[in-house]
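Data block below; observations after.
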Amino acid sequence: MAGVTTVRGGGQPQGARVPLIAGNWKMNLDHLQSIAFVQKLAWSLKDARHDFGAVEVAVFPPFTDLRSVQTLVSADKLPIVYGAQDVSRHAPGAFTGEIAAEFLAKLDCTYVVIGHSERRTLHGETDEVVAAKTTAALGAGLIPLICVGETAEDLETHGASAVPVAQLNAVLESLPKGTDFVVAYEPVWAIGSGQAATPEQAQQVASALRAAISERLGEETAKATRILYGGSVKADNIAGFMRQPDVDGALVGGASLDVEGFSAIVRYQKHVGV
């Protein structure tokens, strides 16, 4: 992706940071449904003449779907990339139910989501666990998509960027300069609520996250790292987020389960008058 110049929704040149629209299916769609979905998505985007070099498209199916998606993408040479929704911090061994990073690499996964708010809240994942999983992913050649975000209580107590920046710093401490990773800012209060953050709120936090990356890993890494917004993203609000200079895409939840809706989000440059 390095060296690619794109023009974003607001008409701003954005260097080497190719926008990324990522669909997190969560615990939805079995392996047969995933095949049908990816085929339809590829057809829809092909019909619309989508330029995958200008906006990258990724899907994150459940573990049980990954082999089916791999086979389809490989056989049909689809330009859609994919990743896993989680990864173990451990190397292969006696860890029942865990999925090692090297297993995902063998399935040709490009990305893996790490530290999603549902993993943090429902499964008690700490910043230390998120950091360990990030290290494991990088060791297997995967690109970690690191999720950070604050609850409504955090927002009221600490302000908009304090908690996301602290969560990211806990990971950045163990990363060398030049590391390839993606950050997704997902305000917990917006996920699944239908009430997204404003583009200005997303920009404020994304700017603070980029500053944190610059401080820890240097300006070059900060400029190259893509920062996504996630939380009630839809076709009718994506363009507003993409106008922001530090927002480089979206991690889409519920709306990623509808082929036409997700395709419209991917095609934000064309279907919205910006």
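In the structure tokens, chains take letters A, B, ... by order of appearance, with residues numbered from 1 within each chain and ligands from 1 in the order shown.
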Fewer than 5 positions away in the same chain doesn't count, so skip those; otherwise give me all residues within 6 Å of stretch 44-59 of chain A, counting only C-alpha atoms, as a PyMOL selection string.
chain A and resi 6+19-23+80-82
Could you give me the residues within stretch 6-226 of chain A that DSSP places in helix (DSSP H, G or I), as a ChimeraX atom specification?
/A:31-47,63-76,101-106,117-122,127-139,152-158,162-172,199-217,219-224
Write to file, as a JSON list (two decimals), in the first residue's frame, the residues of the selection just made, with C-alpha atoms.
[["chain", "number", "residue", "atom", "x", "y", "z"],
["A", 31, "HIS", "CA", -19.51, -21.07, 6.81],
["A", 32, "LEU", "CA", -22.09, -21.58, 4.06],
["A", 33, "GLN", "CA", -23.62, -18.17, 4.67],
["A", 34, "SER", "CA", -20.16, -16.62, 4.64],
["A", 35, "ILE", "CA", -19.46, -18.02, 1.16],
["A", 36, "ALA", "CA", -22.70, -16.56, -0.18],
["A", 37, "PHE", "CA", -22.03, -13.23, 1.50],
["A", 38, "VAL", "CA", -18.49, -12.79, 0.20],
["A", 39, "GLN", "CA", -19.55, -13.79, -3.31],
["A", 40, "LYS", "CA", -22.40, -11.26, -3.29],
["A", 41, "LEU", "CA", -20.18, -8.54, -1.85],
["A", 42, "ALA", "CA", -17.52, -9.13, -4.50],
["A", 43, "TRP", "CA", -20.13, -9.08, -7.28],
["A", 44, "SER", "CA", -21.74, -5.92, -5.93],
["A", 45, "LEU", "CA", -18.43, -4.07, -5.76],
["A", 46, "LYS", "CA", -17.32, -5.36, -9.15],
["A", 47, "ASP", "CA", -20.58, -4.17, -10.72],
["A", 63, "PHE", "CA", -13.25, -18.75, 13.17],
["A", 64, "THR", "CA", -15.36, -21.56, 11.67],
["A", 65, "ASP", "CA", -15.83, -19.58, 8.44],
["A", 66, "LEU", "CA", -12.23, -18.67, 7.76],
["A", 67, "ARG", "CA", -11.25, -21.76, 5.76],
["A", 68, "SER", "CA", -14.31, -21.37, 3.53],
["A", 69, "VAL", "CA", -13.57, -17.68, 2.95],
["A", 70, "GLN", "CA", -9.92, -18.48, 2.24],
["A", 71, "THR", "CA", -10.87, -21.09, -0.35],
["A", 72, "LEU", "CA", -13.32, -18.76, -2.09],
["A", 73, "VAL", "CA", -11.01, -15.74, -2.13],
["A", 74, "SER", "CA", -8.12, -17.84, -3.41],
["A", 75, "ALA", "CA", -10.06, -19.75, -6.06],
["A", 76, "ASP", "CA", -11.87, -16.72, -7.46],
["A", 101, "ALA", "CA", -1.70, -16.71, 15.57],
["A", 102, "GLU", "CA", 0.26, -19.08, 13.33],
["A", 103, "PHE", "CA", -2.96, -21.03, 12.62],
["A", 104, "LEU", "CA", -4.53, -17.82, 11.30],
["A", 105, "ALA", "CA", -1.45, -17.08, 9.22],
["A", 106, "LYS", "CA", -1.76, -20.51, 7.59],
["A", 117, "SER", "CA", -14.76, -3.88, 23.59],
["A", 118, "GLU", "CA", -16.81, -7.08, 23.76],
["A", 119, "ARG", "CA", -13.64, -9.04, 24.53],
["A", 120, "ARG", "CA", -12.66, -6.51, 27.15],
["A", 121, "THR", "CA", -16.06, -6.32, 28.85],
["A", 122, "LEU", "CA", -17.49, -9.83, 28.36],
["A", 127, "ASP", "CA", -4.53, -4.02, 28.49],
["A", 128, "GLU", "CA", -1.77, -6.52, 29.27],
["A", 129, "VAL", "CA", -3.64, -9.32, 27.49],
["A", 130, "VAL", "CA", -4.27, -7.06, 24.50],
["A", 131, "ALA", "CA", -0.57, -6.21, 24.34],
["A", 132, "ALA", "CA", 0.40, -9.90, 24.51],
["A", 133, "LYS", "CA", -2.05, -10.81, 21.75],
["A", 134, "THR", "CA", -0.67, -8.00, 19.60],
["A", 135, "THR", "CA", 2.86, -9.36, 20.02],
["A", 136, "ALA", "CA", 1.67, -12.86, 19.14],
["A", 137, "ALA", "CA", -0.10, -11.61, 16.00],
["A", 138, "LEU", "CA", 2.91, -9.66, 14.79],
["A", 139, "GLY", "CA", 5.15, -12.67, 15.41],
["A", 152, "ALA", "CA", -20.17, 6.59, 28.77],
["A", 153, "GLU", "CA", -18.88, 6.66, 32.36],
["A", 154, "ASP", "CA", -15.28, 6.96, 31.15],
["A", 155, "LEU", "CA", -16.30, 9.78, 28.85],
["A", 156, "GLU", "CA", -17.93, 11.71, 31.68],
["A", 157, "THR", "CA", -15.12, 11.08, 34.16],
["A", 158, "HIS", "CA", -11.98, 11.34, 32.02],
["A", 162, "ALA", "CA", -7.93, 9.73, 27.93],
["A", 163, "VAL", "CA", -9.02, 6.08, 28.13],
["A", 164, "PRO", "CA", -8.46, 5.19, 24.44],
["A", 165, "VAL", "CA", -4.98, 6.75, 24.54],
["A", 166, "ALA", "CA", -4.10, 4.89, 27.75],
["A", 167, "GLN", "CA", -5.29, 1.61, 26.22],
["A", 168, "LEU", "CA", -3.20, 2.20, 23.11],
["A", 169, "ASN", "CA", -0.11, 3.26, 25.06],
["A", 170, "ALA", "CA", -0.23, -0.07, 26.93],
["A", 171, "VAL", "CA", 0.28, -1.79, 23.56],
["A", 172, "LEU", "CA", 2.71, 0.70, 22.02],
["A", 199, "PRO", "CA", -17.28, 13.18, 13.02],
["A", 200, "GLU", "CA", -15.71, 15.91, 15.13],
["A", 201, "GLN", "CA", -15.63, 13.65, 18.20],
["A", 202, "ALA", "CA", -14.05, 10.86, 16.13],
["A", 203, "GLN", "CA", -11.44, 13.26, 14.78],
["A", 204, "GLN", "CA", -10.57, 14.56, 18.25],
["A", 205, "VAL", "CA", -9.82, 11.06, 19.52],
["A", 206, "ALA", "CA", -8.12, 9.92, 16.31],
["A", 207, "SER", "CA", -5.81, 12.94, 16.47],
["A", 208, "ALA", "CA", -4.91, 12.15, 20.08],
["A", 209, "LEU", "CA", -4.23, 8.51, 19.17],
["A", 210, "ARG", "CA", -1.97, 9.54, 16.30],
["A", 211, "ALA", "CA", -0.09, 11.88, 18.62],
["A", 212, "ALA", "CA", 0.42, 9.00, 21.05],
["A", 213, "ILE", "CA", 1.81, 6.83, 18.26],
["A", 214, "SER", "CA", 4.14, 9.65, 17.21],
["A", 215, "GLU", "CA", 5.41, 10.10, 20.76],
["A", 216, "ARG", "CA", 6.10, 6.38, 21.26],
["A", 217, "LEU", "CA", 7.10, 5.19, 17.80],
["A", 219, "GLU", "CA", 6.31, 10.59, 13.38],
["A", 220, "GLU", "CA", 6.91, 8.31, 10.39],
["A", 221, "THR", "CA", 5.06, 5.38, 11.99],
["A", 222, "ALA", "CA", 2.29, 7.72, 13.13],
["A", 223, "LYS", "CA", 1.80, 9.08, 9.62],
["A", 224, "ALA", "CA", 1.64, 5.56, 8.16]]
Using DSSP assignments from the backbone, pull out every residue in stretch 52-107 of chain A that falls under strand (DSSP E or B) and give it to me as JSON, numbers by chain.
{"A": [56, 57, 58, 59, 60, 81, 82, 83, 84]}
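If only C-alpha atoms are the atoms counted, then among A:Trp25, A:Ala16, A:Val183, A:Gly159 the closest residue to A:Ala255 is A:Trp25.
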